[in-house]
Structures are given as C-alpha cells and as structure tokens.
$ cat model39.pdb   # PDB, C-alpha atoms
MODEL        1
ATOM      1  CA  MET A   1       0.000   0.000   0.000
ATOM      2  CA  HIS A   2       2.726   2.481   0.975
ATOM      3  CA  MET A   3       4.693   1.597  -2.160
ATOM      4  CA  ARG A   4       1.656   2.283  -4.374
ATOM      5  CA  LEU A   5       0.985   5.595  -2.634
ATOM      6  CA  SER A   6       4.611   6.669  -3.019
ATOM      7  CA  ALA A   7       4.549   5.709  -6.682
ATOM      8  CA  ALA A   8       1.300   7.604  -7.232
ATOM      9  CA  ILE A   9       2.686  10.721  -5.558
ATOM     10  CA  GLY A  10       5.823  10.480  -7.654
ATOM     11  CA  LEU A  11       3.811  10.198 -10.866
ATOM     12  CA  LEU A  12       1.615  13.113  -9.843
ATOM     13  CA  CYS A  13       4.646  15.317  -9.242
ATOM     14  CA  LEU A  14       6.214  14.308 -12.539
ATOM     15  CA  SER A  15       2.983  15.018 -14.383
ATOM     16  CA  LEU A  16       2.806  18.496 -12.847
ATOM     17  CA  TRP A  17       6.551  19.031 -13.404
ATOM     18  CA  VAL A  18       6.869  19.967  -9.760
ATOM     19  CA  PRO A  19       9.785  18.600  -7.751
ATOM     20  CA  CYS A  20       8.534  16.652  -4.764
ATOM     21  CA  VAL A  21      10.135  17.609  -1.498
ATOM     22  CA  THR A  22       7.869  15.428   0.611
ATOM     23  CA  ALA A  23       9.116  12.546   2.703
ATOM     24  CA  ALA A  24       8.524   9.056   1.373
ATOM     25  CA  GLY A  25       4.998   7.931   2.145
ATOM     26  CA  SER A  26       3.696  11.404   3.051
ATOM     27  CA  ALA A  27       0.947  12.944   0.962
ATOM     28  CA  PRO A  28       1.628  16.411  -0.437
ATOM     29  CA  VAL A  29      -0.753  19.080   0.896
ATOM     30  CA  LEU A  30       0.682  22.386  -0.361
ATOM     31  CA  GLN A  31       2.222  23.339  -3.685
ATOM     32  CA  VAL A  32       4.071  26.645  -4.063
ATOM     33  CA  THR A  33       4.800  27.986  -7.547
ATOM     34  CA  GLY A  34       5.762  31.214  -9.256
ATOM     35  CA  GLN A  35       8.499  33.619  -8.248
ATOM     36  CA  ILE A  36      10.330  31.588  -5.613
ATOM     37  CA  ALA A  37      14.078  30.974  -5.431
ATOM     38  CA  ASP A  38      14.397  27.287  -6.280
ATOM     39  CA  GLY A  39      11.347  26.773  -8.473
ATOM     40  CA  PRO A  40       8.108  24.966  -7.626
ATOM     41  CA  ALA A  41       7.938  23.068  -4.351
ATOM     42  CA  VAL A  42       5.530  20.638  -2.715
ATOM     43  CA  PHE A  43       5.179  20.175   1.047
ATOM     44  CA  ASP A  44       3.588  17.538   3.251
ATOM     45  CA  MET A  45       2.120  18.061   6.719
ATOM     46  CA  PRO A  46       5.191  16.854   8.660
ATOM     47  CA  GLN A  47       7.347  19.422   6.851
ATOM     48  CA  LEU A  48       4.852  22.221   7.502
ATOM     49  CA  ARG A  49       4.510  21.247  11.163
ATOM     50  CA  ASP A  50       8.318  21.440  11.482
ATOM     51  CA  LEU A  51       8.282  25.141  10.568
ATOM     52  CA  PRO A  52       8.486  27.652  13.439
ATOM     53  CA  ARG A  53       5.054  27.790  15.051
ATOM     54  CA  ALA A  54       2.820  30.811  15.276
ATOM     55  CA  THR A  55      -0.379  30.961  17.287
ATOM     56  CA  LEU A  56      -3.141  33.510  17.275
ATOM     57  CA  GLU A  57      -6.538  33.799  18.861
ATOM     58  CA  THR A  58      -9.238  35.422  16.775
ATOM     59  CA  SER A  59     -12.845  35.158  15.711
ATOM     60  CA  THR A  60     -13.916  34.237  12.186
ATOM     61  CA  VAL A  61     -17.027  34.947  10.153
ATOM     62  CA  VAL A  62     -17.709  31.218   9.743
ATOM     63  CA  THR A  63     -17.332  29.992  13.334
ATOM     64  CA  ASP A  64     -18.798  30.991  16.693
ATOM     65  CA  GLY A  65     -16.582  32.942  19.076
ATOM     66  CA  ALA A  66     -12.823  33.261  19.124
ATOM     67  CA  HIS A  67     -10.587  30.276  18.436
ATOM     68  CA  ARG A  68      -6.902  29.538  18.925
ATOM     69  CA  PHE A  69      -5.177  28.804  15.615
ATOM     70  CA  THR A  70      -1.725  27.252  15.272
ATOM     71  CA  GLY A  71       0.351  27.177  12.116
ATOM     72  CA  PHE A  72       3.190  29.163  10.591
ATOM     73  CA  LEU A  73       3.550  32.797   9.576
ATOM     74  CA  MET A  74       2.982  33.238   5.867
ATOM     75  CA  ARG A  75       5.632  35.999   5.639
ATOM     76  CA  ASP A  76       8.322  33.733   7.160
ATOM     77  CA  PHE A  77       7.343  30.802   4.937
ATOM     78  CA  LEU A  78       7.487  32.915   1.776
ATOM     79  CA  ALA A  79      10.782  34.507   2.863
ATOM     80  CA  GLN A  80      12.257  31.040   3.407
ATOM     81  CA  LEU A  81      11.261  30.191  -0.178
ATOM     82  CA  GLY A  82      12.836  33.390  -1.507
ATOM     83  CA  ALA A  83       9.501  34.698  -2.776
ATOM     84  CA  GLU A  84       9.601  37.873  -4.838
ATOM     85  CA  GLY A  85       6.589  39.650  -6.228
ATOM     86  CA  GLN A  86       3.605  41.753  -5.312
ATOM     87  CA  MET A  87       0.810  39.211  -5.063
ATOM     88  CA  VAL A  88       0.023  35.603  -4.300
ATOM     89  CA  THR A  89      -2.886  33.635  -5.639
ATOM     90  CA  ALA A  90      -4.111  31.269  -2.939
ATOM     91  CA  THR A  91      -6.121  28.324  -4.244
ATOM     92  CA  ALA A  92      -8.273  25.862  -2.313
ATOM     93  CA  LEU A  93      -8.980  22.209  -3.004
ATOM     94  CA  ASN A  94     -12.319  23.194  -4.580
ATOM     95  CA  ASP A  95     -10.479  25.606  -6.946
ATOM     96  CA  TYR A  96     -11.634  28.739  -5.100
ATOM     97  CA  ALA A  97      -8.839  31.231  -5.721
ATOM     98  CA  VAL A  98      -8.155  34.737  -4.473
ATOM     99  CA  ASP A  99      -5.350  37.221  -4.983
ATOM    100  CA  ILE A 100      -3.685  38.431  -1.790
ATOM    101  CA  PRO A 101      -1.172  41.303  -1.794
ATOM    102  CA  LEU A 102       2.175  40.238  -0.342
ATOM    103  CA  SER A 103       2.005  43.413   1.727
ATOM    104  CA  ASP A 104      -0.755  41.784   3.831
ATOM    105  CA  PHE A 105       1.815  39.369   5.216
ATOM    106  CA  ASP A 106       4.137  42.200   6.232
ATOM    107  CA  ARG A 107       1.390  44.331   7.766
ATOM    108  CA  PHE A 108      -0.401  41.548   9.659
ATOM    109  CA  ASP A 109       0.615  38.287  11.338
ATOM    110  CA  VAL A 110      -1.255  36.140   8.818
ATOM    111  CA  ILE A 111      -0.779  32.447   9.482
ATOM    112  CA  VAL A 112      -1.403  29.266   7.580
ATOM    113  CA  ALA A 113      -3.160  27.286  10.284
ATOM    114  CA  TYR A 114      -3.152  23.523  10.574
ATOM    115  CA  SER A 115      -4.957  23.321  13.912
ATOM    116  CA  MET A 116      -7.792  25.088  15.684
ATOM    117  CA  ASP A 117      -8.199  24.871  19.450
ATOM    118  CA  GLY A 118      -5.543  22.150  19.555
ATOM    119  CA  ALA A 119      -7.235  19.851  17.019
ATOM    120  CA  ALA A 120      -5.861  19.254  13.536
ATOM    121  CA  LEU A 121      -7.928  20.878  10.817
ATOM    122  CA  ASP A 122      -9.704  18.204   8.809
ATOM    123  CA  ARG A 123     -10.594  18.353   5.112
ATOM    124  CA  ALA A 124     -14.234  17.987   6.095
ATOM    125  CA  ASP A 125     -13.966  21.203   8.131
ATOM    126  CA  LYS A 126     -11.688  23.793   6.513
ATOM    127  CA  GLY A 127      -8.465  21.811   6.604
ATOM    128  CA  PRO A 128      -5.873  20.666   6.358
ATOM    129  CA  LEU A 129      -4.626  24.251   5.870
ATOM    130  CA  TRP A 130      -6.451  27.549   6.401
ATOM    131  CA  ILE A 131      -5.178  31.102   5.829
ATOM    132  CA  VAL A 132      -6.099  33.000   9.012
ATOM    133  CA  TYR A 133      -5.854  36.744   9.599
ATOM    134  CA  PRO A 134      -5.589  38.268  13.108
ATOM    135  CA  ARG A 135      -9.080  39.698  12.604
ATOM    136  CA  ASP A 136      -9.711  40.759  16.188
ATOM    137  CA  ALA A 137      -6.390  42.606  16.515
ATOM    138  CA  HIS A 138      -7.012  45.108  13.689
ATOM    139  CA  ALA A 139     -10.272  46.960  13.029
ATOM    140  CA  GLU A 140      -9.552  47.164   9.303
ATOM    141  CA  LEU A 141      -9.554  43.348   9.085
ATOM    142  CA  GLN A 142     -13.276  43.376   9.927
ATOM    143  CA  ASP A 143     -13.844  44.427   6.285
ATOM    144  CA  ILE A 144     -15.395  41.848   3.937
ATOM    145  CA  ARG A 145     -12.501  42.325   1.483
ATOM    146  CA  TYR A 146     -10.252  40.558   3.980
ATOM    147  CA  ASP A 147     -12.815  37.851   4.720
ATOM    148  CA  TYR A 148     -12.472  36.635   1.117
ATOM    149  CA  ARG A 149      -8.758  36.089   1.712
ATOM    150  CA  TRP A 150      -9.338  33.470   4.423
ATOM    151  CA  VAL A 151      -8.780  30.492   2.121
ATOM    152  CA  TRP A 152      -9.629  27.209   3.794
ATOM    153  CA  GLN A 153      -8.547  23.878   2.337
ATOM    154  CA  LEU A 154      -5.538  25.769   0.966
ATOM    155  CA  SER A 155      -3.689  23.626  -1.570
ATOM    156  CA  GLN A 156      -1.649  26.005  -3.715
ATOM    157  CA  ILE A 157       0.140  29.336  -3.488
ATOM    158  CA  ASP A 158       1.346  31.034  -6.657
ATOM    159  CA  VAL A 159       3.694  33.984  -6.152
ATOM    160  CA  ARG A 160       3.566  36.712  -8.814
TER     161      ARG A 160
ENDMDL
END

$ encode --input "model39.pdb" --output "structure tokens"
Amino acid sequence: MHMRLSAAIGLLCLSLWVPCVTAAGSAPVLQVTGQIADGPAVFDMPQLRDLPRATLETSTVVTDGAHRFTGFLMRDFLAQLGAEGQMVTATALNDYAVDIPLSDFDRFDVIVAYSMDGAALDRADKGPLWIVYPRDAHAELQDIRYDYRWVWQLSQIDVR
C-alpha cells in the first residue's frame, strides 16, 4: 500500500513538473509555484509542522466565538522560499482562488493554520490548511474584502 501511494505521488509530481520535497509515504498538501528561489515546491504536513510555530486567537465569520489557531507565519514561509513579487494567488482544493497582496503578510501576522483549538484541521472542516488573519487585533480586518482572503482547504500558493 505504501509503495503504491509513493509511486502515485511520484507520478503526480512528474505530471505536474513539480519537484517533490515530501518525505517518502507522506501525501503532499501544499504546492508553491511562481516567483520563488528554487522553483516549484511541494510540502507535506510533517514538513509544515516542522516550521516555526505561530499561534493567534481570533474570531472568524464562519465559526462561533474566538478560536486559537496554530500554524506558521505566511511571511516567514514565503521569505524562506525566496519569494519575490507583489501578489500571491491562494487556491483551495475546490479551486476557489483569491489574490492576496504580499504586503498583507508584512502588515499583519497572517498564518497558515493547521490546527484550531488544539485539534488538527480536517478536510471535512476547513483543513488541512487555512489562511487565518488576526481579525480581532485590527479593526480594518473586519472588512469583507479581507474575509475573502481566508482560504480554507488551501492547496496552492502562486507567487507573482
């Protein structure tokens, strides 16, 4: 079973012409393309969980009350990849896509969350990755324009 899964992941990466950087047997969850230093990259959950952690507590427009989100800072992740550009297009598993100015990540502590209130985000409920803004910390983030940038089931980031 593990051999078939590894082979399938390898074929998928070859078909997309994206170098796989995932560990053997781990399913890729995030693809980053565009203007990054070493070309396209694919990450699995263990790799993303190994990044320096960031936690924030904030409310959302799709949940009740404030929640504690854990993940990694988008600005640090993109800096580590050598991202250059003005914009990212964040795409979800259902192909929902939105453009987000890179300046958002400098101005606000935007995280890519993989857990909420200590529980891993599940694909059935906004996971495995969710772009989360510190909504309660900045009045301007209460604007609907920012709400559209909260991409859940994040699967791809394209830097332009």

$ closest_atom_pairs --input "model39.pdb" --of "segment 29-83 of chain A" --to "segment 103-124 of chain A" --cutoff "10 Å" --atoms "all atoms listed in the file" --output "CSV"
residue,atom,partner,partner_atom,distance
A:Met45,CA,A:Tyr114,CA,8.5
A:Leu48,CA,A:Tyr114,CA,8.7
A:Arg49,CA,A:Tyr114,CA,8.0
A:Arg53,CA,A:Ile111,CA,9.3
A:Ala54,CA,A:Ile111,CA,7.0
A:Thr55,CA,A:Ile111,CA,8.0
A:Leu56,CA,A:Ile111,CA,8.2
A:Glu57,CA,A:Asp117,CA,9.1
A:Ala66,CA,A:Asp117,CA,9.6
A:His67,CA,A:Asp117,CA,6.0
A:Arg68,CA,A:Asp117,CA,4.9
A:Phe69,CA,A:Met116,CA,4.5
A:Thr70,CA,A:Ala113,CA,5.2
A:Gly71,CA,A:Ala113,CA,4.0
A:Phe72,CA,A:Ile111,CA,5.3
A:Leu73,CA,A:Ile111,CA,4.3
A:Met74,CA,A:Ile111,CA,5.3
A:Arg75,CA,A:Phe105,CA,5.1
A:Asp76,CA,A:Phe105,CA,8.8
A:Phe77,CA,A:Val112,CA,9.3
A:Leu78,CA,A:Phe105,CA,9.3

$ resolve_selection --input "model39.pdb" --expression "the PyMOL selection byres ((chain A and resi 134-144) around 7)" --output "NGL selection string"
:A and (56 or 58-59 or 109-110 or 132-133 or 145-148)

$ closest_residue --input "model39.pdb" --among "A:Thr63, A:Phe43, A:Trp130, A:Asp38" --to "Ala90 of chain A" --atoms "all atoms listed in the file"
A:Trp130

$ closest_residue --input "model39.pdb" --among "A:Thr60, A:Leu102, A:Gly127, A:Arg160" --to "Val29 of chain A" --atoms "all atoms listed in the file"
A:Gly127

$ resolve_selection --input "model39.pdb" --expression "the PyMOL selection byres ((chain A and resi 35) around 12)" --output "list in words"
Val32, Thr33, Gly34, Ile36, Ala37, Asp38, Gly39, Pro40, Ala41, Leu78, Ala79, Leu81, Gly82, Ala83, Glu84, Gly85, Gln86, Met87, Val88, Thr89, Ile157, Asp158, Val159 and Arg160 of chain A

$ residues_near_point --input "model39.pdb" --point "(-9.7, 27.0, -2.9)" --cutoff "10 Å" --atoms "all atoms listed in the file" --output "tab-separated table (two decimals) with C-alpha atoms, keeping the file's coordinate frame"
chain	number	residue	atom	x	y	z
A	89	THR	CA	-2.89	33.64	-5.64
A	90	ALA	CA	-4.11	31.27	-2.94
A	91	THR	CA	-6.12	28.32	-4.24
A	92	ALA	CA	-8.27	25.86	-2.31
A	93	LEU	CA	-8.98	22.21	-3.00
A	94	ASN	CA	-12.32	23.19	-4.58
A	95	ASP	CA	-10.48	25.61	-6.95
A	96	TYR	CA	-11.63	28.74	-5.10
A	97	ALA	CA	-8.84	31.23	-5.72
A	98	VAL	CA	-8.15	34.74	-4.47
A	130	TRP	CA	-6.45	27.55	6.40
A	150	TRP	CA	-9.34	33.47	4.42
A	151	VAL	CA	-8.78	30.49	2.12
A	152	TRP	CA	-9.63	27.21	3.79
A	153	GLN	CA	-8.55	23.88	2.34
A	154	LEU	CA	-5.54	25.77	0.97
A	155	SER	CA	-3.69	23.63	-1.57
A	156	GLN	CA	-1.65	26.00	-3.72

$ atom_distance --input "model39.pdb" --atom1 "atom CA of Pro52 of chain A" --atom2 "atom CA of Ile100 of chain A"
22.3 Å

$ atom_distance --input "model39.pdb" --atom1 "atom CA of Arg149 of chain A" --atom2 "atom CA of Val61 of chain A"
11.9 Å

$ decode --input "model39.pdb" --residues "segment 29-57 of chain A" --atoms "N, CA and C atoms" --output "tab-separated table (two decimals), in the first residue's frame"
chain	number	residue	atom	x	y	z
A	29	VAL	N	0.44	18.29	0.57
A	29	VAL	CA	-0.75	19.08	0.90
A	29	VAL	C	-0.67	20.51	0.39
A	30	LEU	N	0.54	21.00	0.08
A	30	LEU	CA	0.68	22.39	-0.36
A	30	LEU	C	1.73	22.48	-1.46
A	31	GLN	N	1.33	23.09	-2.56
A	31	GLN	CA	2.22	23.34	-3.68
A	31	GLN	C	2.46	24.84	-3.77
A	32	VAL	N	3.73	25.23	-3.92
A	32	VAL	CA	4.07	26.64	-4.06
A	32	VAL	C	4.78	26.82	-5.40
A	33	THR	N	4.27	27.75	-6.21
A	33	THR	CA	4.80	27.99	-7.55
A	33	THR	C	5.04	29.48	-7.75
A	34	GLY	N	5.58	29.81	-8.90
A	34	GLY	CA	5.76	31.21	-9.26
A	34	GLY	C	7.15	31.71	-8.92
A	35	GLN	N	7.23	32.94	-8.47
A	35	GLN	CA	8.50	33.62	-8.25
A	35	GLN	C	9.09	33.26	-6.89
A	36	ILE	N	9.62	32.03	-6.81
A	36	ILE	CA	10.33	31.59	-5.61
A	36	ILE	C	11.72	31.12	-6.04
A	37	ALA	N	12.66	31.15	-5.12
A	37	ALA	CA	14.08	30.97	-5.43
A	37	ALA	C	14.41	29.69	-6.17
A	38	ASP	N	13.96	28.55	-5.70
A	38	ASP	CA	14.40	27.29	-6.28
A	38	ASP	C	13.33	26.61	-7.12
A	39	GLY	N	12.39	27.34	-7.63
A	39	GLY	CA	11.35	26.77	-8.47
A	39	GLY	C	10.24	26.14	-7.64
A	40	PRO	N	9.28	25.53	-8.31
A	40	PRO	CA	8.11	24.97	-7.63
A	40	PRO	C	8.49	23.98	-6.53
A	41	ALA	N	7.68	23.97	-5.48
A	41	ALA	CA	7.94	23.07	-4.35
A	41	ALA	C	6.62	22.51	-3.83
A	42	VAL	N	6.69	21.32	-3.29
A	42	VAL	CA	5.53	20.64	-2.71
A	42	VAL	C	5.89	20.24	-1.29
A	43	PHE	N	4.95	20.45	-0.36
A	43	PHE	CA	5.18	20.18	1.05
A	43	PHE	C	4.12	19.24	1.59
A	44	ASP	N	4.53	18.40	2.53
A	44	ASP	CA	3.59	17.54	3.25
A	44	ASP	C	3.37	18.11	4.65
A	45	MET	N	2.43	17.54	5.38
A	45	MET	CA	2.12	18.06	6.72
A	45	MET	C	3.30	17.97	7.68
A	46	PRO	N	4.05	16.88	7.73
A	46	PRO	CA	5.19	16.85	8.66
A	46	PRO	C	6.17	18.00	8.41
A	47	GLN	N	6.44	18.32	7.16
A	47	GLN	CA	7.35	19.42	6.85
A	47	GLN	C	6.77	20.75	7.32
A	48	LEU	N	5.48	20.96	7.10
A	48	LEU	CA	4.85	22.22	7.50
A	48	LEU	C	4.78	22.34	9.02
A	49	ARG	N	4.56	21.23	9.69
A	49	ARG	CA	4.51	21.25	11.16
A	49	ARG	C	5.90	21.47	11.77
A	50	ASP	N	6.95	21.20	11.01
A	50	ASP	CA	8.32	21.44	11.48
A	50	ASP	C	8.74	22.91	11.37
A	51	LEU	N	7.96	23.71	10.67
A	51	LEU	CA	8.28	25.14	10.57
A	51	LEU	C	8.06	25.81	11.92
A	52	PRO	N	8.73	26.94	12.17
A	52	PRO	CA	8.49	27.65	13.44
A	52	PRO	C	6.99	27.95	13.61
A	53	ARG	N	6.49	27.65	14.79
A	53	ARG	CA	5.05	27.79	15.05
A	53	ARG	C	4.65	29.21	15.38
A	54	ALA	N	3.46	29.54	14.93
A	54	ALA	CA	2.82	30.81	15.28
A	54	ALA	C	1.41	30.48	15.73
A	55	THR	N	0.96	31.18	16.75
A	55	THR	CA	-0.38	30.96	17.29
A	55	THR	C	-1.08	32.30	17.40
A	56	LEU	N	-2.35	32.31	17.06
A	56	LEU	CA	-3.14	33.51	17.28
A	56	LEU	C	-4.55	33.12	17.68
A	57	GLU	N	-5.16	34.01	18.44
A	57	GLU	CA	-6.54	33.80	18.86
A	57	GLU	C	-7.37	34.89	18.22
